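Comments concern the structure below.
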Amino acid sequence: MVLNYLWAAFFIIAFCIALFKLIFFQDVEIFQKLVASTFDNAKTGFEISLGLTGVMTLWLGLMKVGERGGIIALFAKAVGPFFNRLFPEIPRNHPVFGSILMNFSANMLGLDNAATPLGLKAMKEMQELNPDKETASNAQIMFLVLNASGLTIIPISIMVFRAQMGAADPSDIFIPILLATFFSTLAGLISVALYQRINLLDKVVIGYLGTLILLIAGLIYYFSTISQEQIGVISTVASNVILFTIIISFISLALIRKVNVYEAFIEGAKEGFSVAITIIPYLVAILVAVGVFRVSGALDIIVNGIGQFFALLNVNTDFVPALPVAFMKPLSGSGARGLMVEAMKTYGADSFVARVAATIQGSTETTFYILAVYFGSVGVRKTRYALVCGLLADLAGVIAAITLAYLFFH
C-alpha cells in the first residue's frame with residue numbers, strides 16, 4: 001500500500017512542480033523533458049531486464065547443478081541454526097537457505113552480476129512456501145530488507161571511480177563505507193525483527209552476528225595496514241577466485257554424485273529468460289516514476305530545503321551538497337553513481353563533499369529497484385512493511401555515512 005501511494009506521488013508532485021515552472025517561470029520545455037524522461041526510462045527498464053537475461057540464465061543453471069549435486073544443501077546446513085531464527089517460517093535445512101547465503105555472499109564481495117540471479121532464485125523458492133502468493137511473506141520481507149541494506153565488505157567499484165577521478169588515496173573511504181553499510185544492515189535487521197517479533201538476543205543469533213562482527217573488524221584492521229594498490233589487487237583477485245571456486249565446487253560435487261551436469265544446467269537456465277521477462281513491467285514502473293520526479297526538480301527542492309533547515313539550527317552544512325546521492329540511491333543506483341561522480345568533478349575527488357557522497361553511495365542499496373525486481377519476479381503485489389523497513393535501513397546507512405565522514409575526513 002505504501003509503495004502504491006508513493007509511486008503515484010512521484011507523478012503528481014512532478015506534475016505540480018512542472019506546472020508551477022511553466023506558469024510562473026515560463027519554462028516551456030519542462031513538460032517536454034518530463035515526457036522524454038518517461039520514454040527514456042521505459043527503454044532503460046527494458047534494456048536492464050534484457051541485460052539480466054544472460055547472467056540469470058547462467059546462474060540459475062549453475063544453481064540447478066548445485067541443487068542436484070547437493071552443495072546447496074550443505075550451505076543450508078552450515079547457516080541453518082542462524083537462518084532458522086531469522087526465517088522461522090522456512091522449514092529447517094530447506095535448500096532456500098543455500099540460495100540466501102549465496103546471494104548475501106555475492107553482495108558482500110561486490111559481485112552484483114551474480115547476486116541478482118541468486119537473489120531471484122531465493123525469492124522464487126520462498127514464494128513456493130508462501131501461502132498467499134500476492135502478499136509478501138515474513139521470510140521474503142526479511143530477505144529483501146537485508147538484501148536492500150547492502151552489506152558490502154569490499155566497495156571496489158567506488159574505489160575505482162575515485163581512482164579514475166584522481167583521488168590521492170582512493171581507498172580512504174573503505175573503512176567508513178564498511179561501517180556505514182554495517183549499521184544499515186543492523187538497522188534493517190532490527191526493524192524487521194521488531195515487526196516479526198524475532199528474538200535477536202538468542203544465543204545462536206548473537207554467536208553468528210558476533211562472528212561476523214569479528215570478521216569485519218579483522219578485515220578493517222588488515223586493510224588499514226596495506227596500500228591502496230594492494231587492497232585493489234587483493235579484493236579483485238579474492239572476489240573472483242572465490243566466485244569461480246564456487247562454480248567448480250558445484251560442478252565437481254555434481255559429477256561425484258553422478259549428476260548429468262549439462263542437462264541440469266540447461267534445465268535451470270531455461271528459467272532465466274522467463275524471470276527476466278516477468279520483471280520488465282515492475283522495473284519500468286519504478287524507473288519512469290523516479291525519472292519524472294528527478295527531472296521535475298523535486299529532488300533539488302528537497303535538498304535545498306534540508307540545507308536551509310540545518311543552517312537555521314546552526315549545524316555545519318558542508319555535507320548538504322552530497323545529499324542528492326542520499327536521495328537518489330534508494331531510487332536509482334546508476335543515478336546515484338552519476339551524482340557521486342558529479343560531486344567529484346565539481347568539488348574534487350579528495351574534497352569533503354566527494355568523500356561524503358562516496359560513503360553514502362556505498363552505505364545502502366537501491367531499495368525501490370530491489371523491491372520492483374525481486375517482488376515483481378514472483379508476482380507479489382502486497383509488500384506490507386518491506387518498504388518501510390528498507391527505507392529505515394537506508395536512513396540509518398545515510399546518517400552513519402555522514403557521521404563517519406565527519407569523523408574521518410572533516
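Labels used: A, B, ... for chains in the order of the C-alpha cells, numbers from 1 for residues in each chain, and numbers from 1 for ligands as shown.
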
Skipping near chain neighbours, those fewer than 4 positions away, what residues fall within 10 Å of Val341 (chain A) using only C-alpha atoms, listed as a CSV table (one decimal) with all heavy atoms, in the first residue's frame?
chain,number,residue,atom,x,y,z
A,158,ILE,N,33.5,1.7,-6.1
A,158,ILE,CA,33.6,3.1,-5.7
A,158,ILE,C,35.1,3.5,-5.6
A,158,ILE,O,35.4,4.7,-6.0
A,158,ILE,CB,32.9,3.3,-4.3
A,158,ILE,CG1,31.4,3.0,-4.4
A,158,ILE,CG2,33.2,4.7,-3.7
A,158,ILE,CD1,30.7,3.1,-3.1
A,161,PHE,N,36.2,4.3,-9.2
A,161,PHE,CA,35.7,5.7,-9.6
A,161,PHE,C,36.6,6.8,-9.0
A,161,PHE,O,37.0,7.7,-9.6
A,161,PHE,CB,34.2,5.9,-9.2
A,161,PHE,CG,33.3,5.3,-10.2
A,161,PHE,CD1,32.4,4.3,-9.8
A,161,PHE,CD2,33.1,5.9,-11.4
A,161,PHE,CE1,31.5,3.8,-10.7
A,161,PHE,CE2,32.2,5.4,-12.4
A,161,PHE,CZ,31.4,4.3,-12.0
A,162,ARG,N,36.9,6.6,-7.7
A,162,ARG,CA,37.8,7.6,-7.0
A,162,ARG,C,39.2,7.7,-7.6
A,162,ARG,O,39.7,8.7,-7.8
A,162,ARG,CB,37.8,7.3,-5.5
A,162,ARG,CG,36.6,7.7,-4.8
A,162,ARG,CD,36.7,7.5,-3.3
A,162,ARG,NE,37.9,8.0,-2.7
A,162,ARG,CZ,38.1,9.3,-2.4
A,162,ARG,NH1,37.2,10.2,-2.8
A,162,ARG,NH2,39.2,9.7,-1.8
A,164,GLN,N,39.9,6.9,-10.8
A,164,GLN,CA,39.7,7.5,-12.1
A,164,GLN,C,39.6,9.0,-12.0
A,164,GLN,O,40.0,9.7,-12.9
A,164,GLN,CB,38.5,6.9,-12.8
A,164,GLN,CG,38.7,5.4,-13.2
A,164,GLN,CD,37.4,4.8,-13.8
A,164,GLN,OE1,36.3,5.3,-13.6
A,164,GLN,NE2,37.6,3.7,-14.5
A,165,MET,N,39.0,9.5,-10.9
A,165,MET,CA,38.8,10.9,-10.7
A,165,MET,C,40.0,11.6,-10.1
A,165,MET,O,39.9,12.8,-9.8
A,165,MET,CB,37.5,11.2,-9.9
A,165,MET,CG,36.2,10.7,-10.6
A,165,MET,SD,35.9,11.4,-12.2
A,165,MET,CE,35.7,13.1,-11.8
A,325,VAL,N,22.9,12.4,-3.6
A,325,VAL,CA,23.3,11.0,-3.7
A,325,VAL,C,22.4,10.1,-2.7
A,325,VAL,O,21.9,9.1,-3.1
A,325,VAL,CB,24.8,10.7,-3.4
A,325,VAL,CG1,25.1,9.3,-3.5
A,325,VAL,CG2,25.6,11.5,-4.4
A,336,ALA,N,22.4,7.6,-8.7
A,336,ALA,CA,23.3,7.9,-7.5
A,336,ALA,C,24.7,7.9,-7.9
A,336,ALA,O,25.5,8.8,-7.5
A,336,ALA,CB,23.0,7.0,-6.4
A,337,ARG,N,25.1,6.9,-8.7
A,337,ARG,CA,26.5,6.9,-9.1
A,337,ARG,C,26.9,8.1,-10.0
A,337,ARG,O,28.0,8.7,-9.8
A,337,ARG,CB,26.7,5.6,-10.0
A,337,ARG,CG,28.2,5.2,-10.3
A,337,ARG,CD,28.3,4.0,-11.1
A,337,ARG,NE,27.6,2.9,-10.5
A,337,ARG,CZ,26.5,2.3,-11.0
A,337,ARG,NH1,26.0,2.7,-12.2
A,337,ARG,NH2,25.9,1.3,-10.4
A,345,LYS,N,33.7,15.7,-9.7
A,345,LYS,CA,34.1,16.7,-10.7
A,345,LYS,C,34.0,18.1,-10.2
A,345,LYS,O,34.8,18.9,-10.4
A,345,LYS,CB,33.2,16.5,-11.9
A,345,LYS,CG,33.5,15.2,-12.7
A,345,LYS,CD,32.6,15.2,-14.0
A,345,LYS,CE,32.9,13.9,-14.8
A,345,LYS,NZ,32.0,13.9,-16.0
A,346,THR,N,32.9,18.4,-9.5
A,346,THR,CA,32.6,19.8,-9.1
A,346,THR,C,33.5,20.2,-7.9
A,346,THR,O,34.0,21.3,-7.9
A,346,THR,CB,31.1,19.9,-8.6
A,346,THR,OG1,30.3,19.5,-9.7
A,346,THR,CG2,30.8,21.3,-8.3
A,348,GLY,N,36.1,18.2,-6.4
A,348,GLY,CA,37.4,17.5,-6.3
A,348,GLY,C,37.2,16.1,-5.7
A,348,GLY,O,36.5,16.0,-4.7
A,349,ALA,N,38.0,15.2,-6.1
A,349,ALA,CA,37.8,13.8,-5.6
A,349,ALA,C,38.2,13.7,-4.2
A,349,ALA,O,37.7,12.8,-3.5
A,349,ALA,CB,38.7,12.8,-6.5
A,354,ALA,N,32.9,15.2,-1.8
A,354,ALA,CA,33.1,14.0,-2.6
A,354,ALA,C,33.2,12.7,-1.8
A,354,ALA,O,32.7,11.6,-2.1
A,354,ALA,CB,34.3,14.1,-3.5
A,357,ALA,N,29.8,11.9,-0.4
A,357,ALA,CA,29.0,11.3,-1.5
A,357,ALA,C,29.4,9.8,-1.7
A,357,ALA,O,28.5,8.9,-1.9
A,357,ALA,CB,29.2,12.1,-2.8
A,358,ALA,N,30.7,9.5,-1.7
A,358,ALA,CA,31.2,8.2,-1.9
A,358,ALA,C,30.8,7.3,-0.8
A,358,ALA,O,30.4,6.1,-1.0
A,358,ALA,CB,32.7,8.2,-2.1

Self-check item: Contact residues around Asp394 (chain A) with only C-alpha atoms at 10 Å, ignoring same-chain residues under 5 positions, as a PyMOL selection string
Solution: chain A and resi 145+148-150+181+183-185+187-188+326-327+329-330+360+363-367+388-389+399-400

Selected residues, N, CA, C and O atoms, written as a short mmCIF file (atom, residue, chain, number, x, y, z; two decimals), in the first residue's frame, please.
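The result, written out as again.cif:
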data_model
loop_
_atom_site.label_atom_id
_atom_site.label_comp_id
_atom_site.auth_asym_id
_atom_site.auth_seq_id
_atom_site.Cartn_x
_atom_site.Cartn_y
_atom_site.Cartn_z
N VAL A 145 14.83 -6.95 2.87
CA VAL A 145 15.36 -5.81 3.62
C VAL A 145 16.85 -5.99 3.88
O VAL A 145 17.64 -5.04 3.74
N ALA A 148 18.50 -5.30 0.63
CA ALA A 148 18.48 -3.88 0.28
C ALA A 148 19.40 -3.03 1.16
O ALA A 148 19.79 -1.93 0.77
N SER A 149 19.74 -3.55 2.34
CA SER A 149 20.62 -2.79 3.23
C SER A 149 22.05 -2.76 2.71
O SER A 149 22.85 -1.90 3.09
N GLY A 150 22.37 -3.72 1.83
CA GLY A 150 23.60 -3.64 1.06
C GLY A 150 24.90 -3.83 1.79
O GLY A 150 25.87 -3.10 1.54
N THR A 181 27.65 0.67 6.03
CA THR A 181 26.78 -0.38 5.50
C THR A 181 26.46 -1.42 6.56
O THR A 181 25.39 -2.04 6.55
N PHE A 183 25.95 -0.63 9.76
CA PHE A 183 24.87 -0.01 10.54
C PHE A 183 23.54 -0.08 9.77
O PHE A 183 22.49 -0.25 10.36
N SER A 184 23.62 0.08 8.47
CA SER A 184 22.41 -0.02 7.65
C SER A 184 21.79 -1.41 7.75
O SER A 184 20.58 -1.56 7.94
N THR A 185 22.64 -2.43 7.62
CA THR A 185 22.16 -3.81 7.72
C THR A 185 21.60 -4.11 9.11
O THR A 185 20.56 -4.76 9.25
N ALA A 187 20.29 -1.96 11.21
CA ALA A 187 19.01 -1.26 11.35
C ALA A 187 17.90 -2.01 10.62
O ALA A 187 16.77 -2.13 11.14
N GLY A 188 18.20 -2.53 9.43
CA GLY A 188 17.21 -3.31 8.70
C GLY A 188 16.82 -4.58 9.44
O GLY A 188 15.63 -4.92 9.53
N ALA A 326 22.22 10.71 -1.51
CA ALA A 326 21.42 10.01 -0.50
C ALA A 326 19.99 9.82 -0.94
O ALA A 326 19.39 8.76 -0.73
N PHE A 327 19.41 10.83 -1.57
CA PHE A 327 18.02 10.73 -2.02
C PHE A 327 17.87 9.86 -3.26
O PHE A 327 16.86 9.19 -3.45
N LYS A 329 19.95 7.29 -4.16
CA LYS A 329 20.40 5.90 -4.02
C LYS A 329 19.27 4.90 -3.84
O LYS A 329 19.27 3.84 -4.49
N PRO A 330 18.26 5.15 -2.99
CA PRO A 330 17.17 4.17 -2.87
C PRO A 330 16.35 4.05 -4.15
O PRO A 330 15.67 3.05 -4.36
N ILE A 360 28.17 7.65 1.24
CA ILE A 360 26.73 7.42 1.13
C ILE A 360 26.43 6.41 0.03
O ILE A 360 25.61 5.50 0.20
N SER A 363 26.89 2.99 1.29
CA SER A 363 26.28 2.63 2.57
C SER A 363 24.97 1.85 2.45
O SER A 363 24.59 1.14 3.37
N THR A 364 24.28 1.97 1.32
CA THR A 364 22.99 1.30 1.15
C THR A 364 22.84 0.78 -0.27
O THR A 364 23.70 1.00 -1.12
N GLU A 365 21.72 0.12 -0.51
CA GLU A 365 21.41 -0.37 -1.85
C GLU A 365 20.20 0.37 -2.43
O GLU A 365 19.59 1.20 -1.77
N THR A 366 19.85 0.04 -3.67
CA THR A 366 18.71 0.67 -4.36
C THR A 366 17.41 -0.04 -3.96
O THR A 366 16.97 -0.97 -4.63
N THR A 367 16.81 0.43 -2.88
CA THR A 367 15.66 -0.25 -2.28
C THR A 367 14.49 -0.39 -3.24
O THR A 367 13.89 -1.46 -3.36
N VAL A 388 8.92 0.18 4.24
CA VAL A 388 9.20 0.97 5.44
C VAL A 388 10.52 0.54 6.07
O VAL A 388 11.39 1.37 6.39
N CYS A 389 10.70 -0.77 6.25
CA CYS A 389 11.94 -1.28 6.87
C CYS A 389 13.14 -1.04 5.97
O CYS A 389 14.23 -0.71 6.46
N ILE A 399 22.71 8.32 7.61
CA ILE A 399 23.12 9.04 8.82
C ILE A 399 24.50 8.57 9.28
O ILE A 399 25.36 9.38 9.64
N ALA A 400 24.70 7.25 9.26
CA ALA A 400 26.01 6.71 9.65
C ALA A 400 27.10 7.19 8.70
O ALA A 400 28.21 7.54 9.12
#

Quiz prompt | Selection: 12 Å around Asn4 (chain A), only C-alpha atoms, excl. self and same-chain fewer than 2 positions, as a list in words | solution =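 Within the cut-off, the hits are Met1, Val2, Leu6, Trp7, Ala8, Ala9, Phe10, Phe11, Ala285, Ile286, Ala289, Phe368, Ala372, Arg381, Lys382, Thr383, Arg384 and Leu387 of chain A.
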
Compile the contact shell of Asp350 (chain A) as a compact mmCIF listing (two decimals) with N, CA and C atoms, in the first residue's frame: residues with an atom at most 10 Å away, counting only C-alpha atoms, same-chain residues fewer than 5 positions apart removed.
# COMPACT_ATOMS: atom_id res chain seq x y z
N ARG A 162 36.92 6.62 -7.69
CA ARG A 162 37.75 7.62 -7.02
C ARG A 162 39.16 7.66 -7.64
N MET A 165 38.99 9.50 -10.91
CA MET A 165 38.79 10.94 -10.75
C MET A 165 39.98 11.62 -10.09
N GLY A 166 41.06 10.86 -9.86
CA GLY A 166 42.30 11.46 -9.39
C GLY A 166 42.48 11.56 -7.89
N ALA A 167 41.78 10.75 -7.12
CA ALA A 167 41.92 10.79 -5.66
C ALA A 167 43.33 10.35 -5.26
N ALA A 168 43.89 11.03 -4.29
CA ALA A 168 45.25 10.70 -3.83
C ALA A 168 45.29 9.32 -3.20
N ASP A 169 44.25 8.97 -2.43
CA ASP A 169 44.14 7.65 -1.80
C ASP A 169 42.71 7.15 -2.00
N PRO A 170 42.44 6.48 -3.12
CA PRO A 170 41.07 6.06 -3.44
C PRO A 170 40.43 5.15 -2.40
N ASP A 172 40.60 5.47 0.87
CA ASP A 172 40.42 6.06 2.19
C ASP A 172 38.97 6.01 2.67
N MET A 344 32.42 14.62 -7.41
CA MET A 344 33.87 14.56 -7.51
C MET A 344 34.39 15.57 -8.54
N ARG A 355 33.89 12.85 -0.64
CA ARG A 355 34.05 11.71 0.26
C ARG A 355 32.73 11.35 0.94
N PHE A 409 37.03 12.57 7.92
CA PHE A 409 37.53 13.49 6.89
C PHE A 409 37.36 14.99 7.17

Practice problem: Provide the CA of Ser49 (chain A) to CA of Leu34 (chain A) distance in Å, to one decimal place. | Solution: 22.7 Å
